[in-house]
Structures are given as structure tokens and as C-alpha cells.
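Colleague: For reference, the file input-v3.txt (compact mmCIF, C-alpha atoms and all ligand atoms) is included below:
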# COMPACT_ATOMS: atom_id res chain seq x y z
CA MET M 1 -5.49 -15.67 -0.68
CA GLN M 2 -6.92 -12.43 -1.95
CA LEU M 3 -5.74 -9.80 0.52
CA LEU M 4 -6.22 -6.10 1.01
CA LEU M 5 -3.52 -4.28 2.92
CA MET M 6 -4.91 -0.97 4.09
CA GLY M 7 -3.61 1.88 6.19
CA PRO M 8 -2.88 5.59 6.00
CA PRO M 9 0.07 6.96 4.01
CA GLY M 10 3.32 5.84 5.60
CA ALA M 11 1.70 3.17 7.79
CA GLY M 12 3.98 0.43 6.46
CA LYS M 13 1.85 -1.20 3.74
CA GLY M 14 4.72 -1.49 1.26
CA THR M 15 7.20 -2.64 3.91
CA GLN M 16 4.85 -5.40 5.06
CA ALA M 17 3.63 -6.38 1.58
CA VAL M 18 7.19 -7.27 0.54
CA LYS M 19 7.46 -9.65 3.52
CA LEU M 20 4.09 -11.25 2.82
CA VAL M 21 5.04 -11.75 -0.84
CA GLU M 22 8.06 -13.77 0.30
CA LYS M 23 6.08 -15.80 2.80
CA PHE M 24 2.94 -16.56 0.81
CA LYS M 25 4.36 -16.40 -2.74
CA ILE M 26 1.62 -14.16 -4.09
CA PRO M 27 2.23 -10.85 -5.92
CA GLN M 28 1.99 -7.38 -4.37
CA ILE M 29 -0.17 -5.02 -6.37
CA SER M 30 0.58 -1.44 -5.36
CA THR M 31 -1.27 1.18 -7.38
CA GLY M 32 1.19 3.79 -6.07
CA ASP M 33 4.16 1.75 -7.38
CA MET M 34 2.39 1.24 -10.72
CA PHE M 35 1.77 4.98 -11.07
CA ARG M 36 5.37 5.83 -10.10
CA ALA M 37 6.69 3.39 -12.72
CA ALA M 38 4.42 5.00 -15.33
CA VAL M 39 5.59 8.51 -14.39
CA LYS M 40 9.21 7.39 -14.69
CA ALA M 41 8.58 5.78 -18.07
CA GLY M 42 6.70 8.90 -19.28
CA THR M 43 3.65 6.92 -20.49
CA GLU M 44 0.13 8.34 -20.97
CA LEU M 45 -0.83 6.82 -17.63
CA GLY M 46 2.13 8.53 -16.00
CA LYS M 47 1.09 11.88 -17.47
CA LYS M 48 -2.40 11.44 -16.02
CA ALA M 49 -1.10 10.46 -12.59
CA LYS M 50 1.84 12.82 -12.06
CA ALA M 51 0.14 16.04 -10.94
CA CYS M 52 -2.32 14.23 -8.65
CA MET M 53 0.48 12.33 -6.96
CA GLU M 54 2.66 15.38 -6.47
CA SER M 55 -0.16 17.27 -4.79
CA GLY M 56 -1.29 14.27 -2.73
CA LYS M 57 -4.69 13.91 -4.41
CA LEU M 58 -6.17 10.65 -5.66
CA VAL M 59 -5.69 9.78 -9.31
CA PRO M 60 -9.19 9.70 -10.94
CA ASP M 61 -11.13 6.51 -10.23
CA GLU M 62 -11.66 5.52 -13.87
CA VAL M 63 -7.90 5.51 -14.45
CA THR M 64 -7.09 3.64 -11.25
CA ILE M 65 -9.85 1.06 -11.57
CA GLY M 66 -8.81 0.37 -15.16
CA ILE M 67 -5.22 -0.50 -14.26
CA VAL M 68 -6.32 -2.70 -11.35
CA ARG M 69 -8.79 -4.59 -13.55
CA GLU M 70 -6.06 -5.24 -16.08
CA ARG M 71 -3.51 -6.28 -13.46
CA LEU M 72 -5.82 -8.66 -11.59
CA SER M 73 -6.70 -10.41 -14.84
CA GLN M 74 -3.10 -11.52 -15.33
CA ASP M 75 -2.12 -15.13 -14.74
CA ASP M 76 0.11 -14.56 -11.71
CA CYS M 77 -2.91 -13.32 -9.74
CA LYS M 78 -4.82 -16.58 -10.12
CA GLY M 79 -3.30 -18.00 -6.94
CA GLY M 80 -3.94 -14.86 -4.92
CA PHE M 81 -2.55 -11.35 -4.46
CA ILE M 82 -1.95 -8.56 -1.98
CA LEU M 83 -3.52 -5.25 -2.92
CA ASP M 84 -1.55 -2.37 -1.39
CA GLY M 85 -3.14 1.07 -1.60
CA PHE M 86 -6.28 0.05 -3.49
CA PRO M 87 -9.16 0.57 -2.90
CA ARG M 88 -8.91 4.08 -1.49
CA ASN M 89 -12.57 5.10 -1.55
CA VAL M 90 -15.97 3.46 -1.57
CA GLU M 91 -16.33 3.74 -5.37
CA GLN M 92 -13.07 1.80 -5.81
CA ALA M 93 -14.20 -0.80 -3.25
CA LYS M 94 -17.43 -1.36 -5.19
CA ALA M 95 -15.50 -1.60 -8.45
CA LEU M 96 -13.18 -4.17 -6.86
CA GLU M 97 -16.14 -6.30 -5.85
CA LYS M 98 -17.31 -6.27 -9.45
CA ILE M 99 -13.86 -7.14 -10.82
CA LEU M 100 -13.53 -10.03 -8.37
CA ASP M 101 -17.02 -11.27 -9.29
CA GLU M 102 -16.04 -11.27 -12.95
CA LEU M 103 -12.93 -13.29 -12.09
CA ASN M 104 -14.89 -15.60 -9.81
CA LEU M 105 -12.80 -14.61 -6.80
CA LYS M 106 -13.56 -13.45 -3.28
CA LEU M 107 -11.60 -11.38 -0.81
CA THR M 108 -10.01 -13.49 1.91
CA LYS M 109 -9.10 -10.77 4.39
CA VAL M 110 -8.78 -7.02 4.84
CA LEU M 111 -5.82 -6.07 7.03
CA ASN M 112 -5.54 -2.52 8.27
CA ILE M 113 -2.23 -1.28 9.64
CA HIS M 114 -3.20 1.32 12.17
CA VAL M 115 -0.77 4.16 12.94
CA PRO M 116 -1.84 7.47 14.51
CA ALA M 117 -1.61 10.55 12.29
CA ALA M 118 1.01 12.12 14.56
CA ASP M 119 3.60 9.45 13.59
CA LEU M 120 2.94 9.41 9.85
CA ILE M 121 4.64 12.60 8.73
CA GLU M 122 7.92 11.54 10.34
CA ARG M 123 7.67 8.14 8.66
CA ALA M 124 7.13 9.64 5.22
CA VAL M 125 9.68 12.43 5.44
CA GLY M 126 12.36 9.99 6.65
CA ARG M 127 11.60 7.34 4.04
CA ARG M 128 14.27 6.51 1.44
CA VAL M 129 13.71 4.15 -1.49
CA CYS M 130 16.22 2.28 -3.66
CA LYS M 131 16.28 3.53 -7.26
CA ASN M 132 17.07 0.09 -8.54
CA CYS M 133 15.25 -2.59 -6.52
CA GLY M 134 12.58 -0.50 -4.74
CA ALA M 135 13.62 -1.54 -1.21
CA THR M 136 12.28 0.87 1.41
CA TYR M 137 14.28 2.32 4.30
CA HIS M 138 13.85 4.96 6.96
CA VAL M 139 16.67 7.23 8.10
CA LYS M 140 15.80 6.56 11.74
CA PHE M 141 13.56 3.49 12.01
CA ASN M 142 15.08 1.24 9.33
CA ALA M 143 18.38 2.74 8.27
CA PRO M 144 20.55 1.12 5.60
CA LYS M 145 23.97 -0.14 6.74
CA VAL M 146 25.71 2.60 4.71
CA GLU M 147 23.98 5.98 4.57
CA ASN M 148 21.98 6.43 1.36
CA VAL M 149 23.08 3.09 -0.15
CA CYS M 150 20.78 0.07 -0.64
CA ASP M 151 21.74 -3.00 1.46
CA ASN M 152 20.39 -5.33 -1.25
CA CYS M 153 21.95 -3.98 -4.40
CA GLY M 154 24.35 -1.12 -3.56
CA GLU M 155 22.39 1.49 -5.58
CA ASN M 156 21.73 4.99 -4.23
CA LEU M 157 18.54 5.78 -2.36
CA TYR M 158 16.13 8.59 -3.23
CA GLN M 159 13.27 10.44 -1.61
CA ARG M 160 9.80 10.24 -3.18
CA ALA M 161 8.49 13.53 -4.62
CA ASP M 162 5.42 13.33 -2.36
CA ASP M 163 7.36 12.62 0.84
CA ASN M 164 7.53 16.20 2.07
CA GLU M 165 5.58 17.69 4.93
CA GLU M 166 3.23 19.79 2.81
CA THR M 167 2.15 17.02 0.42
CA MET M 168 1.93 14.59 3.30
CA LYS M 169 -0.62 16.86 5.03
CA ASN M 170 -2.77 16.69 1.88
CA ARG M 171 -2.35 12.91 1.64
CA LEU M 172 -3.49 12.58 5.26
CA SER M 173 -6.57 14.72 4.72
CA VAL M 174 -7.47 12.75 1.56
CA TYR M 175 -7.07 9.60 3.66
CA GLU M 176 -9.41 10.91 6.37
CA GLU M 177 -12.05 12.01 3.93
CA SER M 178 -12.01 9.25 1.30
CA THR M 179 -10.20 6.17 2.60
CA ARG M 180 -11.04 5.94 6.29
CA PRO M 181 -14.74 5.25 5.52
CA LEU M 182 -13.59 1.91 4.05
CA ILE M 183 -12.92 0.64 7.57
CA ASP M 184 -16.63 0.76 8.25
CA TYR M 185 -17.35 -0.70 4.82
CA TYR M 186 -15.18 -3.80 5.39
CA GLU M 187 -16.15 -4.19 9.04
CA LYS M 188 -19.74 -4.59 7.87
CA ILE M 189 -18.72 -7.28 5.39
CA GLY M 190 -16.89 -9.02 8.26
CA LEU M 191 -13.45 -9.35 6.70
CA TYR M 192 -11.68 -6.65 8.67
CA THR M 193 -8.77 -7.00 11.10
CA GLU M 194 -6.70 -4.20 12.53
CA ILE M 195 -3.01 -4.49 13.43
CA ASP M 196 -1.10 -2.03 15.62
CA GLY M 197 1.41 -0.51 13.19
CA ARG M 198 3.36 1.35 15.90
CA GLN M 199 5.21 -1.82 16.79
CA PRO M 200 8.61 -2.68 15.31
CA ILE M 201 8.49 -3.82 11.67
CA ASP M 202 9.11 -7.51 12.44
CA LYS M 203 6.45 -7.58 15.13
CA VAL M 204 3.88 -6.13 12.71
CA THR M 205 4.83 -8.84 10.19
CA GLU M 206 4.42 -11.54 12.82
CA GLU M 207 0.94 -10.33 13.73
CA LEU M 208 -0.12 -10.10 10.10
CA GLU M 209 1.15 -13.62 9.45
CA ASN M 210 -0.68 -14.96 12.50
CA VAL M 211 -3.96 -13.53 11.25
CA LEU M 212 -3.35 -15.08 7.83
CA TYR M 213 -2.45 -18.51 9.23
CA SER M 214 -5.74 -18.50 11.11
CA VAL M 215 -7.77 -17.79 7.95
CA LYS M 216 -5.86 -20.38 5.93
CA GLU M 217 -6.74 -23.21 8.33
P1 LIG D 1 1.07 5.14 -2.42
O1 LIG D 1 2.39 4.88 -3.02
O2 LIG D 1 0.15 4.02 -2.20
O3 LIG D 1 1.31 5.91 -1.06
P2 LIG D 1 0.56 5.87 0.34
O4 LIG D 1 -0.72 5.15 0.46
O5 LIG D 1 0.52 7.28 0.72
O6 LIG D 1 1.42 4.95 1.18
P3 LIG D 1 2.95 4.98 1.25
O7 LIG D 1 3.53 4.18 0.14
O8 LIG D 1 3.40 6.38 1.45
O9 LIG D 1 3.18 4.27 2.66
P4 LIG D 1 3.24 2.74 3.04
O10 LIG D 1 2.06 2.45 3.91
O11 LIG D 1 3.49 1.86 1.88
O12 LIG D 1 4.51 2.79 4.00
P5 LIG D 1 6.00 2.20 3.84
O13 LIG D 1 6.00 0.74 4.04
O14 LIG D 1 6.68 2.74 2.65
O15 LIG D 1 0.32 6.25 -3.27
C1 LIG D 1 0.97 7.41 -3.72
C2 LIG D 1 0.02 8.27 -4.54
O16 LIG D 1 -0.43 7.53 -5.70
C3 LIG D 1 -1.29 8.69 -3.85
O17 LIG D 1 -1.11 9.84 -3.06
C4 LIG D 1 -2.19 8.92 -5.06
O18 LIG D 1 -1.91 10.15 -5.68
C5 LIG D 1 -1.78 7.80 -6.00
N1 LIG D 1 -2.57 6.57 -5.76
C6 LIG D 1 -2.10 5.38 -5.30
N2 LIG D 1 -3.10 4.49 -5.19
C7 LIG D 1 -4.23 5.12 -5.59
C8 LIG D 1 -5.60 4.74 -5.66
N3 LIG D 1 -6.03 3.50 -5.30
N4 LIG D 1 -6.50 5.66 -6.11
C9 LIG D 1 -6.10 6.89 -6.49
N5 LIG D 1 -4.84 7.33 -6.41
C10 LIG D 1 -3.89 6.46 -5.96
O19 LIG D 1 6.65 2.85 5.17
C11 LIG D 1 6.79 4.25 5.33
C12 LIG D 1 8.08 4.55 6.10
O20 LIG D 1 7.94 4.10 7.44
C13 LIG D 1 9.33 3.84 5.54
O21 LIG D 1 10.42 4.68 5.65
C14 LIG D 1 9.45 2.60 6.44
O22 LIG D 1 10.81 2.16 6.52
C15 LIG D 1 8.93 3.11 7.77
N6 LIG D 1 8.26 2.07 8.54
C16 LIG D 1 7.45 1.07 8.08
N7 LIG D 1 6.99 0.31 9.08
C17 LIG D 1 7.48 0.85 10.22
C18 LIG D 1 7.34 0.51 11.62
N8 LIG D 1 6.61 -0.53 12.02
N9 LIG D 1 8.00 1.30 12.52
C19 LIG D 1 8.76 2.36 12.11
N10 LIG D 1 8.93 2.72 10.82
C20 LIG D 1 8.29 1.97 9.88
MG MG D 2 3.65 2.18 -0.22
ZN ZN D 3 18.28 -1.83 -4.02
Could I get this structure in the form of C-alpha cells?

Modeller:
Amino acid sequence: MQLLLMGPPGAGKGTQAVKLVEKFKIPQISTGDMFRAAVKAGTELGKKAKACMESGKLVPDEVTIGIVRERLSQDDCKGGFILDGFPRNVEQAKALEKILDELNLKLTKVLNIHVPAADLIERAVGRRVCKNCGATYHVKFNAPKVENVCDNCGENLYQRADDNEETMKNRLSVYEESTRPLIDYYEKIGLYTEIDGRQPIDKVTEELENVLYSVKE
């Protein structure tokens, strides 16, 4: 299955992708995670991405499309993948079509996790991420058993540099302007399904899985 997991910043794409990876044994490809790893490692890519990410803008298309092309060409993507946070504008969606054509693949489904803007700032500002294994928590909605400590690996949690109210407002306006038009784009192609992301995490997972079981049959 070649899946796109869409939704505004903080909608729960990463949280759900991890669960779908376990269930369907296909890799999660998160451009945001790839950029954060590059920033941490101090690579050329990281240098290009850092300022855009900190201000909530999109990293330039040519950079982003390049890393996705490279990633999708790797062997572990042959049996399917879950794209999380790409594409984020119509140019990226067109580039993805081209990449998939080159690889002789087609999208199976586009899943959009819908959460109203009013809830998203609280989700982002309360998010905490494990430094070591990347597990995602929320101080209120998905708290770790011990404050600030990862349930999986015992490492400390941190807050992403872009998870503050000011940057989040920019991320939301970039979403409205550049990413929301993709809903229309994928509805026209006929691959689009929307899931109510205001439900509890497990309920969202269940609905996503149900949609995917129905396309698999
Ligand atoms: P990216 O890392 O993709 O950030 P994003 O799209 O803003 O999405 P988030 O990761 O913030 O949210 P999420 O939907 O994964 O939510 P999560 O599951 O963590 O991108 C970061 C930056 O990189 C961009 O701003 C840009 O600069 C750059 N970038 C990335 N991709 C790019 C591209 N294609 N082109 C150009 N630039 C790009 O959940 C959020 C919180 O809510 C957590 O605390 C979680 O525990 C909680 N939560 C989750 N589900 C629920 C629920 N059902 N109920 C209550 N709480 C919940
Ligand atoms: Mg994410
Ligand atoms: Zn951890």
C-alpha cells in the first residue's frame, strides 16, 4: 500500500503513522522527521532546512522533493510506505506523481486527519518527544507514566523548537494557504478519505485501519 497521511500541523499524523507501521509493516516517511534528523546531525540539508522550520515556513520544494525521491527509491519502500507530511503543496503532489510513475507505483489511498484549527495549538504546545526513540506524547492528552520520561526507553522528553504558539500560528497559515488545496486535488483523483481526528487516539487508529482493510480487499 502506498499511503498518504495528511492533516494540519498537530493533527496526529506522526502518532497514527507509528501505529500503521506496526500493523501493515511498511515504513513511515516523514519529511519533518528527516529534516529534524539532518538539523541535529548538522548536514548541508539540515542547514538548508533549519531556518524555514523554526519560522514555520516550508522548506524549498526542490530540496524536499529531492529527499523524497531518494527515500522512495530505497528497497524497503518496494512493498509500500506511509508518507507523513509530504506532499504539502500542489507542486509537491505533482512531483510525487512523477516519482511514483518512474517507480511504476500508484497511490493506494489518501487519508486526511481532520482537526479544527482551534484544537491544534494546544496539541502542538503540549507535545513532548523522546530524544532517543522519537515516541510522541502530550502533557494532557497522552501523558507519559512519569513526567518528562519516555515510557518505552526511559530517556528524557523534549519540546520541538517549532512547537510554540507563535511558530504554530505561522505553520497553520502555511497549511491553509499551501496544503489545504490538496484536499480538492485528491478528492478529484478519487483517493481521498477524511477521518475525524478529534476522537481519542485509538479510535482514530481504528477508523484508519478500517478504511485500509476495505481498500486491501
Ligand atoms: P512536520 O514535522 O511534518 O510537522 P507538521 O506537519 O506541522 O505536523 P506535526 O508533526 O507537528 O504534527 P502531527 O500531525 O505529526 O501530530 P502528532 O502525531 O505529533 O514538519 C515540520 C516542519 O518541517 C514544517 O513546518 C516545514 O518547515 C518542514 N517540512 C516538513 N515537511 C515538509 C514538506 N513536505 N515541504 C516543505 N517543508 C516541510 O500529534 C501532535 C500532538 O497531539 C502530540 O502531542 C500527540 O500526542 C497529540 N495527539 C495526537 N493525536 C491526538 C488525539 N487523537 N487526541 C488528542 N491528542 C492527540
Ligand atoms: Mg509529525
Ligand atoms: Zn523513548

Colleague: Using only C-alpha atoms, which residues sit within 12 Å of M:Lys50 once same-chain residues fewer than 2 positions away are excluded, as a ChimeraX atom specification?

Modeller: /M:32,34-48,52-60,161-162

Colleague: Can you tell me, as number ranges by chain, what residues are no more than 12 Å from stretch 149-158 of chain M when counting all atoms listed in the file, ignoring any on the same chain fewer than 3 positions away?

Modeller: M: 125-139, 142-146, 161-163

Colleague: Using only C-alpha atoms and all ligand atoms, which of M:Leu20, M:Ala124, M:Leu111, M:Val68 sits nearest ligand LIG 1 (chain D)?

Modeller: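 Going through M:Leu20, M:Ala124, M:Leu111, M:Val68 one by one, the smallest distance to ligand LIG 1 (chain D) is for M:Ala124.
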
Colleague: Between M:Pro8, M:Ile82, M:Ala118, M:Asn148, which residue has the minimum interatomic distance to ligand ZN 3 (chain D), considering only C-alpha atoms and all ligand atoms?

Modeller: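 Among the listed residues, M:Asn148 lies closest to ligand ZN 3 (chain D).
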
Colleague: Just give me the gap between atom O6 of ligand LIG 1 (chain D) and atom CA of M:Gly10 in Å, one decimal is fine.

Modeller: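 Distance between the two atoms: 4.9 Å.
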
Colleague: Write as a list in words the residues around ligand MG 2 (chain D), taking 9 Å as the cut-off and counting all atoms listed in the file.

Modeller: Pro9, Gly10, Ala11, Gly12, Lys13, Gly14, Thr15, Ala17, Ser30, Thr31, Gly32, Asp33, Asp84, Gly85 and Thr136 of chain M

Colleague: May I ask for the distance between atom CA of M:Val174 and atom CA of M:Thr64, given in Å to one decimal place?

Modeller: 15.7 Å

Colleague: Out of M:Leu96, M:Val90, M:Ile26, M:Met168, which residue has the shortest atom-to-atom distance to M:Leu182 when counting all atoms listed in the file?

Modeller: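 Of M:Leu96, M:Val90, M:Ile26, M:Met168, the one nearest M:Leu182, counting all atoms listed in the file, is M:Val90.
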